[in-house]
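> This is data.txt, which holds compact mmCIF, C-alpha atoms:
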# COMPACT_ATOMS: atom_id res chain seq x y z
CA MET A 1 42.70 -92.76 13.99
CA SER A 2 44.28 -91.88 17.33
CA LYS A 3 47.50 -89.91 17.25
CA HIS A 4 50.58 -90.82 19.29
CA ILE A 5 52.00 -87.87 21.25
CA VAL A 6 55.52 -88.37 22.62
CA ILE A 7 56.98 -86.03 25.21
CA ILE A 8 60.70 -86.10 26.02
CA GLY A 9 61.07 -84.82 29.56
CA ASN A 10 58.84 -85.35 32.62
CA GLY A 11 59.30 -82.01 34.37
CA ILE A 12 56.54 -79.50 34.98
CA ALA A 13 56.44 -78.47 31.30
CA GLY A 14 56.14 -81.97 29.87
CA VAL A 15 53.68 -83.24 32.46
CA SER A 16 51.49 -80.12 32.13
CA ALA A 17 51.32 -80.75 28.38
CA ALA A 18 50.40 -84.40 28.91
CA ARG A 19 47.63 -83.54 31.37
CA GLU A 20 46.18 -80.86 29.08
CA ILE A 21 46.18 -83.19 26.07
CA ARG A 22 44.46 -85.90 28.10
CA LYS A 23 41.75 -83.44 29.20
CA HIS A 24 40.83 -82.77 25.58
CA SER A 25 41.53 -86.01 23.73
CA ASP A 26 41.99 -89.76 23.81
CA PHE A 27 45.35 -89.60 22.01
CA LYS A 28 48.03 -92.06 23.03
CA ILE A 29 50.53 -90.21 25.25
CA THR A 30 54.05 -91.37 26.08
CA ILE A 31 56.50 -89.54 28.34
CA ILE A 32 60.19 -90.42 28.10
CA SER A 33 62.60 -89.44 30.88
CA GLU A 34 65.88 -90.91 32.03
CA GLU A 35 65.98 -88.89 35.26
CA THR A 36 63.08 -90.54 37.11
CA LYS A 37 60.04 -92.60 36.22
CA TYR A 38 57.58 -90.33 38.00
CA PHE A 39 57.20 -86.56 37.92
CA PHE A 40 58.45 -84.77 41.05
CA SER A 41 58.75 -81.20 42.27
CA ARG A 42 62.25 -80.08 41.33
CA THR A 43 62.08 -77.08 43.64
CA ALA A 44 61.70 -79.46 46.61
CA LEU A 45 64.97 -81.35 46.04
CA MET A 46 66.77 -79.26 48.64
CA TYR A 47 64.30 -80.28 51.34
CA ILE A 48 65.05 -83.97 50.81
CA TYR A 49 68.73 -83.38 51.58
CA MET A 50 67.79 -81.22 54.58
CA GLY A 51 65.61 -84.01 55.98
CA HIS A 52 62.29 -82.15 55.69
CA MET A 53 60.82 -84.44 53.02
CA ARG A 54 61.23 -87.87 51.49
CA PHE A 55 61.59 -88.22 47.74
CA LYS A 56 58.14 -89.81 47.43
CA ASP A 57 56.68 -86.76 49.18
CA THR A 58 57.81 -84.59 46.26
CA GLN A 59 55.71 -86.60 43.77
CA PRO A 60 52.31 -84.86 43.32
CA TYR A 61 50.62 -87.94 41.85
CA GLU A 62 50.30 -91.53 42.97
CA PRO A 63 51.60 -94.19 40.54
CA SER A 64 47.98 -95.10 39.78
CA PHE A 65 47.39 -91.62 38.34
CA TRP A 66 49.42 -92.42 35.23
CA ILE A 67 47.59 -95.70 34.66
CA LYS A 68 44.19 -94.13 35.24
CA ASN A 69 44.94 -91.33 32.76
CA LYS A 70 46.50 -93.71 30.23
CA ILE A 71 49.86 -91.94 30.13
CA GLU A 72 52.69 -94.32 29.32
CA LEU A 73 55.97 -93.67 31.16
CA ILE A 74 59.32 -94.82 29.75
CA GLN A 75 62.40 -94.34 31.93
CA ASP A 76 65.17 -94.18 29.37
CA ARG A 77 67.37 -91.70 27.53
CA ALA A 78 66.56 -90.40 24.07
CA LEU A 79 69.86 -90.70 22.20
CA SER A 80 68.83 -89.34 18.81
CA ILE A 81 65.79 -88.36 16.76
CA ASP A 82 65.16 -89.03 13.07
CA PHE A 83 62.67 -86.24 12.35
CA SER A 84 62.03 -87.43 8.78
CA LYS A 85 60.92 -90.86 10.02
CA LYS A 86 59.44 -89.53 13.29
CA ASN A 87 61.52 -92.03 15.21
CA ILE A 88 63.34 -91.70 18.56
CA ALA A 89 66.27 -94.01 19.35
CA LEU A 90 66.57 -94.90 23.04
CA LYS A 91 69.59 -95.93 25.10
CA ASN A 92 68.22 -99.44 25.67
CA ASN A 93 68.42 -100.07 21.89
CA SER A 94 64.66 -99.75 21.40
CA SER A 95 62.89 -96.95 19.57
CA VAL A 96 59.62 -95.02 19.73
CA THR A 97 57.70 -93.49 16.83
CA TYR A 98 55.44 -90.45 17.16
CA ASP A 99 52.87 -88.39 15.30
CA SER A 100 53.59 -85.23 17.32
CA LEU A 101 56.66 -84.66 19.46
CA ILE A 102 57.10 -82.29 22.41
CA LEU A 103 60.66 -81.58 23.48
CA ALA A 104 60.78 -80.67 27.17
CA THR A 105 64.38 -81.63 27.88
CA GLY A 106 65.05 -79.04 30.58
CA SER A 107 68.39 -77.56 31.60
CA LYS A 108 71.88 -78.60 32.58
CA PRO A 109 74.34 -76.80 34.92
CA ASN A 110 76.77 -74.46 33.20
CA LYS A 111 80.45 -75.28 32.94
CA PHE A 112 82.90 -72.70 31.65
CA GLY A 113 85.98 -74.77 30.95
CA TRP A 114 87.51 -74.51 34.42
CA LYS A 115 90.49 -76.76 34.90
CA GLY A 116 89.32 -79.65 37.08
CA GLN A 117 85.60 -79.10 36.51
CA ASP A 118 85.04 -82.84 35.85
CA LEU A 119 86.85 -84.14 38.92
CA LYS A 120 85.21 -86.32 41.57
CA GLY A 121 83.54 -84.14 44.17
CA VAL A 122 82.69 -81.43 41.64
CA GLN A 123 79.02 -81.20 40.69
CA GLY A 124 76.01 -79.07 39.87
CA LEU A 125 72.57 -79.10 41.46
CA TYR A 126 69.67 -79.52 39.05
CA SER A 127 68.57 -83.14 38.70
CA TYR A 128 67.59 -85.96 41.05
CA GLN A 129 70.90 -87.59 40.07
CA ASP A 130 72.69 -84.44 41.27
CA LEU A 131 70.96 -84.82 44.63
CA LYS A 132 72.05 -88.45 44.91
CA LEU A 133 75.58 -87.46 43.91
CA LEU A 134 75.60 -84.81 46.65
CA GLU A 135 74.64 -87.48 49.18
CA GLU A 136 77.50 -89.63 47.91
CA ASN A 137 80.00 -86.77 47.94
CA THR A 138 79.15 -85.82 51.53
CA LYS A 139 78.32 -89.18 53.12
CA LYS A 140 81.66 -89.33 54.98
CA GLY A 141 81.48 -85.69 55.95
CA ILE A 142 83.48 -82.79 54.53
CA ASN A 143 85.59 -80.08 56.12
CA ARG A 144 84.55 -77.40 53.62
CA ALA A 145 82.58 -76.89 50.42
CA VAL A 146 83.16 -74.19 47.82
CA ILE A 147 80.20 -72.96 45.80
CA VAL A 148 80.83 -71.12 42.53
CA GLY A 149 78.12 -68.78 41.24
CA GLY A 150 75.93 -66.31 43.09
CA GLY A 151 72.40 -67.17 42.04
CA LEU A 152 69.34 -69.01 43.35
CA ILE A 153 70.76 -72.53 42.93
CA GLY A 154 73.95 -71.50 44.70
CA ILE A 155 72.16 -70.15 47.76
CA GLU A 156 69.98 -73.28 47.88
CA LEU A 157 73.09 -75.46 47.92
CA ALA A 158 74.63 -73.28 50.63
CA GLU A 159 71.53 -73.72 52.79
CA MET A 160 71.52 -77.48 52.19
CA LEU A 161 75.14 -77.88 53.25
CA HIS A 162 74.71 -75.54 56.20
CA SER A 163 71.84 -77.73 57.44
CA ARG A 164 74.43 -80.48 57.99
CA ASN A 165 76.91 -78.07 59.58
CA TYR A 166 79.37 -78.16 56.69
CA PRO A 167 81.37 -74.90 56.37
CA VAL A 168 80.71 -73.15 53.05
CA THR A 169 82.76 -70.68 51.04
CA PHE A 170 80.68 -68.94 48.39
CA LEU A 171 82.47 -67.38 45.38
CA VAL A 172 80.50 -64.64 43.62
CA ARG A 173 81.95 -62.99 40.53
CA GLU A 174 79.89 -59.81 40.87
CA GLN A 175 80.49 -57.08 43.42
CA ASN A 176 77.17 -57.97 45.06
CA PHE A 177 75.30 -61.23 45.54
CA TRP A 178 73.01 -61.87 42.53
CA GLY A 179 74.27 -58.51 41.38
CA ASN A 180 72.97 -58.91 37.83
CA VAL A 181 69.40 -59.19 39.17
CA LEU A 182 69.02 -57.51 42.57
CA PRO A 183 69.47 -53.79 43.27
CA LYS A 184 72.46 -53.13 45.52
CA GLU A 185 70.27 -52.17 48.50
CA GLN A 186 68.56 -55.56 48.55
CA SER A 187 71.67 -57.53 47.71
CA GLU A 188 73.34 -56.07 50.78
CA VAL A 189 70.50 -57.37 52.96
CA ILE A 190 71.02 -60.92 51.67
CA VAL A 191 74.78 -60.68 52.08
CA LYS A 192 74.43 -59.57 55.71
CA HIS A 193 71.89 -62.35 56.37
CA MET A 194 74.19 -65.02 54.96
CA ILE A 195 77.28 -63.81 56.79
CA ASP A 196 75.86 -62.74 60.15
CA ASP A 197 73.05 -65.26 60.62
CA TYR A 198 74.44 -68.32 58.82
CA HIS A 199 78.21 -67.72 58.85
CA ILE A 200 78.61 -68.34 55.13
CA ASP A 201 82.10 -67.34 53.96
CA LEU A 202 80.89 -65.13 51.12
CA LYS A 203 83.55 -63.75 48.78
CA CYS A 204 82.24 -61.24 46.23
CA SER A 205 84.29 -60.02 43.26
CA THR A 206 85.99 -63.43 43.34
CA GLU A 207 86.30 -65.89 40.45
CA LEU A 208 87.30 -69.54 40.29
CA ASP A 209 90.52 -70.21 38.39
CA GLU A 210 91.32 -73.90 38.94
CA ILE A 211 90.20 -76.98 40.87
CA GLN A 212 92.96 -79.23 42.25
CA ALA A 213 92.80 -82.97 42.98
CA ASN A 214 94.64 -85.78 44.74
CA ASP A 215 96.01 -88.94 43.12
CA HIS A 216 92.49 -90.43 43.04
CA GLN A 217 91.20 -87.51 40.95
CA ARG A 218 89.09 -86.20 43.82
CA VAL A 219 88.95 -82.51 44.59
CA THR A 220 91.20 -81.25 47.40
CA SER A 221 91.24 -77.48 46.86
CA ILE A 222 90.49 -74.60 44.52
CA THR A 223 92.45 -71.53 43.50
CA THR A 224 90.84 -68.18 42.76
CA LYS A 225 92.00 -65.84 40.01
CA SER A 226 93.60 -63.65 42.65
CA GLY A 227 95.77 -66.61 43.69
CA THR A 228 94.00 -67.57 46.92
CA LYS A 229 93.94 -71.30 47.66
CA ILE A 230 90.99 -72.80 49.55
CA ASP A 231 91.06 -76.40 50.78
CA CYS A 232 87.78 -78.23 50.19
CA GLU A 233 86.28 -81.65 49.45
CA LEU A 234 83.27 -80.48 47.47
CA VAL A 235 82.85 -77.89 44.72
CA GLY A 236 79.34 -76.88 43.67
CA LEU A 237 79.15 -75.36 40.19
CA THR A 238 76.01 -73.22 40.29
CA ALA A 239 76.80 -70.50 37.76
CA GLY A 240 73.44 -70.78 36.03
CA VAL A 241 71.98 -73.39 33.67
CA SER A 242 71.73 -73.87 29.90
CA PRO A 243 69.14 -75.63 27.70
CA ASN A 244 69.80 -79.37 27.61
CA ILE A 245 69.87 -79.83 23.83
CA ASP A 246 73.34 -81.11 22.91
CA PHE A 247 71.97 -84.32 21.38
CA LEU A 248 69.85 -82.24 18.99
CA ARG A 249 72.51 -79.90 17.62
CA SER A 250 73.56 -82.16 14.72
CA THR A 251 69.99 -82.46 13.39
CA ASN A 252 68.01 -80.18 11.08
CA LEU A 253 66.16 -78.76 14.08
CA LYS A 254 66.89 -75.03 14.34
CA VAL A 255 68.65 -74.20 17.58
CA ASN A 256 70.54 -71.31 19.10
CA ARG A 257 71.11 -71.35 22.85
CA GLY A 258 67.84 -73.27 22.99
CA ILE A 259 65.41 -74.85 20.54
CA LEU A 260 63.95 -72.04 18.45
CA VAL A 261 60.14 -71.78 18.56
CA ASP A 262 57.41 -69.39 17.46
CA GLU A 263 54.56 -68.02 19.59
CA TYR A 264 52.81 -71.40 19.35
CA LEU A 265 55.89 -73.26 20.65
CA GLN A 266 56.27 -74.78 17.17
CA THR A 267 59.79 -75.53 15.91
CA ASN A 268 60.90 -75.33 12.29
CA ILE A 269 59.91 -79.00 11.88
CA GLU A 270 56.27 -79.89 11.43
CA ASP A 271 54.63 -81.65 14.41
CA VAL A 272 57.60 -80.88 16.68
CA TYR A 273 57.27 -78.48 19.62
CA ALA A 274 59.61 -77.32 22.38
CA ILE A 275 58.60 -76.08 25.83
CA GLY A 276 60.09 -75.18 29.18
CA ASP A 277 63.75 -74.55 29.90
CA CYS A 278 64.94 -75.82 26.51
CA ALA A 279 62.73 -73.51 24.41
CA GLU A 280 63.97 -70.23 22.94
CA PHE A 281 61.54 -67.87 21.26
CA VAL A 282 62.62 -66.45 17.92
CA LYS A 283 60.63 -63.45 19.10
CA HIS A 284 58.90 -63.55 22.47
CA PRO A 285 55.15 -62.79 22.30
CA LYS A 286 55.71 -60.14 24.99
CA THR A 287 58.43 -57.76 23.85
CA ASP A 288 59.70 -57.09 27.38
CA ARG A 289 60.36 -60.77 28.16
CA ARG A 290 63.54 -62.80 27.72
CA ASN A 291 63.64 -65.29 24.84
CA ILE A 292 64.59 -68.09 27.27
CA GLU A 293 62.70 -68.24 30.58
CA GLN A 294 63.84 -71.04 32.85
CA VAL A 295 61.37 -70.84 35.73
CA TRP A 296 58.75 -73.24 36.99
CA TYR A 297 55.60 -71.33 36.16
CA THR A 298 56.58 -70.45 32.58
CA GLY A 299 57.29 -74.12 31.94
CA LYS A 300 53.80 -74.96 33.20
CA MET A 301 52.23 -72.26 31.03
CA MET A 302 54.06 -73.49 27.94
CA GLY A 303 52.92 -77.05 28.65
CA LEU A 304 49.28 -75.99 28.94
CA THR A 305 49.58 -73.88 25.78
CA VAL A 306 51.03 -76.58 23.55
CA GLY A 307 48.63 -79.12 25.05
CA LYS A 308 45.69 -77.06 23.80
CA THR A 309 47.25 -76.63 20.35
CA ILE A 310 47.93 -80.34 19.88
CA SER A 311 44.38 -81.08 21.02
CA GLY A 312 43.00 -78.95 18.19
CA GLN A 313 42.67 -75.55 19.91
CA LYS A 314 45.55 -73.58 18.42
CA THR A 315 46.77 -71.30 21.20
CA SER A 316 49.57 -68.77 21.37
CA TYR A 317 51.77 -68.45 24.44
CA GLN A 318 50.60 -65.53 26.60
CA PRO A 319 52.50 -65.50 29.90
CA GLY A 320 51.24 -62.18 31.24
CA HIS A 321 53.44 -59.91 33.35
CA TRP A 322 56.75 -61.12 34.75
CA PHE A 323 56.74 -62.41 38.32
CA ASN A 324 58.85 -64.77 40.35
CA SER A 325 59.51 -65.84 43.93
CA ALA A 326 62.31 -67.48 45.87
CA LYS A 327 63.73 -67.87 49.35
CA PHE A 328 67.14 -66.75 50.61
CA PHE A 329 67.60 -68.83 53.77
CA ASP A 330 64.92 -67.20 56.01
CA ILE A 331 64.02 -64.30 53.70
CA GLU A 332 61.15 -64.74 51.26
CA TYR A 333 61.43 -62.86 47.95
CA GLN A 334 58.81 -61.84 45.42
CA THR A 335 59.04 -59.73 42.27
CA TYR A 336 56.31 -58.33 40.00
CA GLY A 337 56.96 -56.36 36.83
CA TRP A 338 60.51 -55.31 36.04
CA VAL A 339 63.06 -54.32 38.65
CA PHE A 340 66.61 -54.35 37.29
CA ALA A 341 69.88 -54.21 39.19
CA GLN A 342 70.61 -50.85 37.55
CA LEU A 343 68.01 -48.10 37.41
CA GLN A 344 67.05 -46.92 33.91
CA ALA A 345 67.45 -43.23 33.00
CA HIS A 346 63.69 -42.56 32.94
CA GLN A 347 63.04 -44.39 36.20
CA GLU A 348 62.81 -43.41 39.85
CA LYS A 349 63.20 -45.79 42.78
CA PHE A 350 61.77 -46.06 46.27
CA PHE A 351 63.47 -48.29 48.83
CA TRP A 352 62.03 -48.89 52.28
CA LYS A 353 63.68 -51.08 54.91
CA HIS A 354 62.36 -52.17 58.29
CA PRO A 355 64.62 -50.79 61.04
CA GLU A 356 65.03 -54.16 62.76
CA LYS A 357 63.75 -57.03 60.60
CA ASN A 358 64.75 -58.40 57.20
CA ILE A 359 61.72 -56.77 55.58
CA ASN A 360 62.03 -54.31 52.71
CA ILE A 361 60.55 -53.26 49.40
CA TYR A 362 62.15 -51.78 46.31
CA MET A 363 59.74 -50.11 43.87
CA VAL A 364 60.42 -48.62 40.43
CA PHE A 365 58.26 -46.10 38.60
CA ASP A 366 58.45 -43.74 35.63
CA LYS A 367 59.68 -40.25 36.55
CA ALA A 368 57.39 -38.38 34.17
CA SER A 369 54.13 -40.33 34.25
CA ARG A 370 54.63 -41.95 37.70
CA LYS A 371 53.48 -45.24 36.13
CA PHE A 372 54.35 -48.21 38.34
CA ILE A 373 56.96 -50.47 36.70
CA GLY A 374 57.89 -53.13 39.24
CA ILE A 375 58.43 -54.20 42.84
CA ASN A 376 60.77 -56.50 44.77
CA THR A 377 59.74 -57.53 48.27
CA PHE A 378 61.77 -59.19 51.01
CA GLY A 379 59.74 -60.62 53.88
CA LEU A 380 56.37 -59.36 52.60
CA ARG A 381 53.87 -61.59 50.80
CA LEU A 382 51.80 -59.89 48.11
CA ARG A 383 48.86 -61.12 46.04
CA HIS A 384 49.82 -61.98 42.48
CA GLU A 385 46.32 -61.33 41.13
CA LEU A 386 46.37 -57.70 42.23
CA PHE A 387 49.80 -56.85 40.90
CA ASP A 388 49.03 -58.52 37.60
CA ARG A 389 45.85 -56.40 37.40
CA TRP A 390 47.66 -53.18 38.37
CA LEU A 391 50.39 -53.73 35.80
CA THR A 392 47.78 -54.32 33.10
CA GLU A 393 45.91 -51.20 34.16
CA LYS A 394 49.17 -49.21 34.19
CA ARG A 395 48.50 -47.84 37.65
CA THR A 396 50.67 -45.10 39.18
CA ILE A 397 53.07 -45.59 42.04
CA ASP A 398 50.73 -43.45 44.17
CA TYR A 399 47.77 -45.76 43.54
CA ILE A 400 49.86 -48.86 44.27
CA LEU A 401 51.11 -47.51 47.59
CA GLU A 402 47.72 -46.32 48.76
CA HIS A 403 46.24 -49.76 47.99
CA LEU A 404 49.25 -51.82 49.04
CA LYS A 405 47.45 -53.07 52.15
CA SER A 406 44.83 -54.71 49.91
CA ALA A 407 47.58 -56.80 48.33
CA ASN A 408 49.03 -57.99 51.64
CA PHE A 409 49.05 -61.78 51.80
CA ASP A 410 50.92 -62.28 55.07
CA PRO A 411 49.43 -64.74 57.56
CA GLU A 412 46.94 -63.55 60.16
CA PHE A 413 48.39 -61.67 63.15
CA TYR A 414 51.52 -60.57 61.23
CA ALA A 415 52.36 -56.91 61.84
CA THR A 416 51.52 -54.78 58.81
CA GLN A 417 53.99 -52.28 57.40
CA GLU A 418 51.96 -50.19 54.96
CA ALA A 419 51.66 -47.06 57.14
CA SER A 420 55.39 -46.96 57.71
CA ILE A 421 56.06 -47.51 54.00
CA ILE A 422 53.74 -44.70 52.93
CA ASN A 423 55.14 -42.32 55.56
CA ALA A 424 58.65 -42.95 54.22
CA PHE A 425 57.50 -42.35 50.63
CA ASN A 426 55.70 -39.12 51.60
CA LYS A 427 58.83 -37.87 53.29
CA GLN A 428 61.15 -38.76 50.39
CA PHE A 429 58.93 -37.46 47.58
CA ASN A 430 56.97 -34.72 49.38
CA THR A 431 53.59 -36.36 48.75
CA ASN A 432 50.53 -36.76 50.94
CA LEU A 433 49.48 -40.37 50.36
CA SER A 434 47.44 -42.41 52.84
CA VAL A 435 46.39 -46.01 53.30
CA LYS A 436 43.18 -46.79 51.37
CA ALA A 437 42.50 -50.40 52.17
CA LYS A 438 39.94 -52.35 50.18
CA SER A 439 39.17 -56.02 50.02
CA TRP A 440 41.36 -57.60 47.36
CA LYS A 441 38.27 -59.47 46.17
CA SER A 442 36.39 -56.22 45.64
CA ILE A 443 39.27 -54.83 43.59
CA LEU A 444 39.17 -57.93 41.40
CA ASN A 445 35.35 -57.74 41.30
CA PHE A 446 34.87 -61.21 42.75
With the file now loaded, output its structure as structure tokens.


Amino acid sequence: MSKHIVIIGNGIAGVSAAREIRKHSDFKITIISEETKYFFSRTALMYIYMGHMRFKDTQPYEPSFWIKNKIELIQDRALSIDFSKKNIALKNNSSVTYDSLILATGSKPNKFGWKGQDLKGVQGLYSYQDLKLLEENTKKGINRAVIVGGGLIGIELAEMLHSRNYPVTFLVREQNFWGNVLPKEQSEVIVKHMIDDYHIDLKCSTELDEIQANDHQRVTSITTKSGTKIDCELVGLTAGVSPNIDFLRSTNLKVNRGILVDEYLQTNIEDVYAIGDCAEFVKHPKTDRRNIEQVWYTGKMMGLTVGKTISGQKTSYQPGHWFNSAKFFDIEYQTYGWVFAQLQAHQEKFFWKHPEKNINIYMVFDKASRKFIGINTFGLRLRHELFDRWLTEKRTIDYILEHLKSANFDPEFYATQEASIINAFNKQFNTNLSVKAKSWKSILNF
């Protein structure tokens, strides 16, 4: 008898699970999502607003894909779940029953109880509905926007608004931009880039106190905690995101900040799993990883993992070493391993910066053993496969630097920086390293 698998959420986590289940079984699969009918690339939302893409261009699959793969799509909201009866109540007054349920409900923008946070013209930036709301809030033009929160979503919103020549004031609570993640040296590069090259009015060590409105309950200004008033017609709340699980908190599903799961993405309820942004590990399979990881690739990995388990191949979640990438206006960013804003007591750092361009690296290694711990790069593209291998092999900082050229993934004809980087390291640490370039394929034994 064929099982019915229901997935709530059609982001990368939910769709990856559906595809993996279909590869291994003929189970009935249903995906429920209120946001959109078809899966789209959430990271591409900004490019729709900037005019680089159309919404349909962000959809990886044609509508026929879902029919061909026998994946039923329901565009509706799940209002409640009766786990004892395996029944989901939908907003349109219908219901769906399941044999196995995958919760992939994603995130929602944080709100911290600011006065005026629910006014017209105040919004976050996460969903397709948020993008449409931004179009509505700016369709008549605005004199100024204020963005609250110095992270990746905030800088994306700043770039979007700048593309339409709207002045932006950016409020960042920390002393440095993304100061809880980036080392000061690299944060300063981003700050200079935003201010000098894009004229963003960046205000660090500044917190929102209140949002004011006119008689029509539309935002007209904000006040900071220092008492400064800033006139504006749009406020972007981008101070992080939280698991979107409010409708599940009154059930017998165990939750904390997110839905609690084990290494198999299993919840405390039989046949119920949670993946992606909404999942929180009771204990992460890798001890150095956060219990909630709200990034694209971990959502995909969780989807593939639970898809195998539901298909009869019980599989634990094994994400490998931490990595991530982003873009700060014109500066590309990559990170491999662990680089924290504050150096640990047993760690040493090496920071190299190009004298003219926005290119730099920040590397961390153990003082005693010289074991490589992590790297941040700005403006340099590095091969993920090599750094994942080197972290597994616990290579030294010396080995990494001497073979850094092998990991270079910049396009052809780009100027290489490895000789300059090694010369700077030799000078700072009194070493005698040299470039030892090998084919990246030979290192990986391809």

> Give the answer as one residue: which of A:Phe328, A:Phe177, A:Tyr47, A:Phe247 has the shortest atom-to-atom distance to Asp82 of chain A, using only C-alpha atoms?

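Looking at the shortest contact to Asp82 of chain A, the residue is A:Phe247.
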
> Excluding segment 215-219 of chain A and residues on its chain fewer than 6 positions from it, collect all residues at most 8 Å away from it, counting all atoms listed in the file, and give them as a PDB file with C-alpha atoms, keeping the file's coordinate frame.


ATOM      1  CA  LEU A 119      86.850 -84.140  38.920  1.00  0.00           C
ATOM      2  CA  LYS A 120      85.210 -86.320  41.570  1.00  0.00           C
ATOM      3  CA  GLY A 121      83.540 -84.140  44.170  1.00  0.00           C
ATOM      4  CA  VAL A 122      82.690 -81.430  41.640  1.00  0.00           C
ATOM      5  CA  CYS A 232      87.780 -78.230  50.190  1.00  0.00           C
ATOM      6  CA  GLU A 233      86.280 -81.650  49.450  1.00  0.00           C
ATOM      7  CA  LEU A 234      83.270 -80.480  47.470  1.00  0.00           C
ATOM      8  CA  VAL A 235      82.850 -77.890  44.720  1.00  0.00           C
TER       9      VAL A 235
END

> Which of these, A:Glu62, A:Glu35, A:Glu207, A:Glu174, has the shortest distance to Ser127 of chain A once you count all atoms listed in the file?

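Smallest distance to Ser127 of chain A is found for A:Glu35.
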
> Show me the residues close to (85.2, -75.7, 32.4) - anything with an atom within 12 Å, counting all atoms listed in the file - and format the list as a list in words.

Pro109, Asn110, Lys111, Phe112, Gly113, Trp114, Lys115, Gly116, Gln117, Asp118, Leu119, Val122, Gln123, Val148, Leu208, Asp209, Glu210, Ile211, Leu237 and Ala239 of chain A

> Need to verify the contact set: Arg395 of chain A, 12 Å, only C-alpha atoms, exclusion of same-chain residues closer than 2 positions in sequence. Can you return it as a list in words?

Phe365, Asp366, Ser369, Arg370, Lys371, Phe372, Ile373, Gly374, Leu386, Phe387, Asp388, Arg389, Trp390, Leu391, Thr392, Glu393, Ile397, Asp398, Tyr399, Ile400, Leu401, Glu402 and His403 of chain A

> Which neighbours of Leu157 of chain A fall inside 9 Å, counting only C-alpha atoms, when residues of the same chain fewer than 2 positions from it are skipped, and could you give them as a list in words?

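Counting only the stated atoms, we get Met46, Leu125, Ile147, Leu152, Ile153, Gly154, Ile155, Glu159, Met160, Leu161, His162, Gly236 and Thr238 of chain A.
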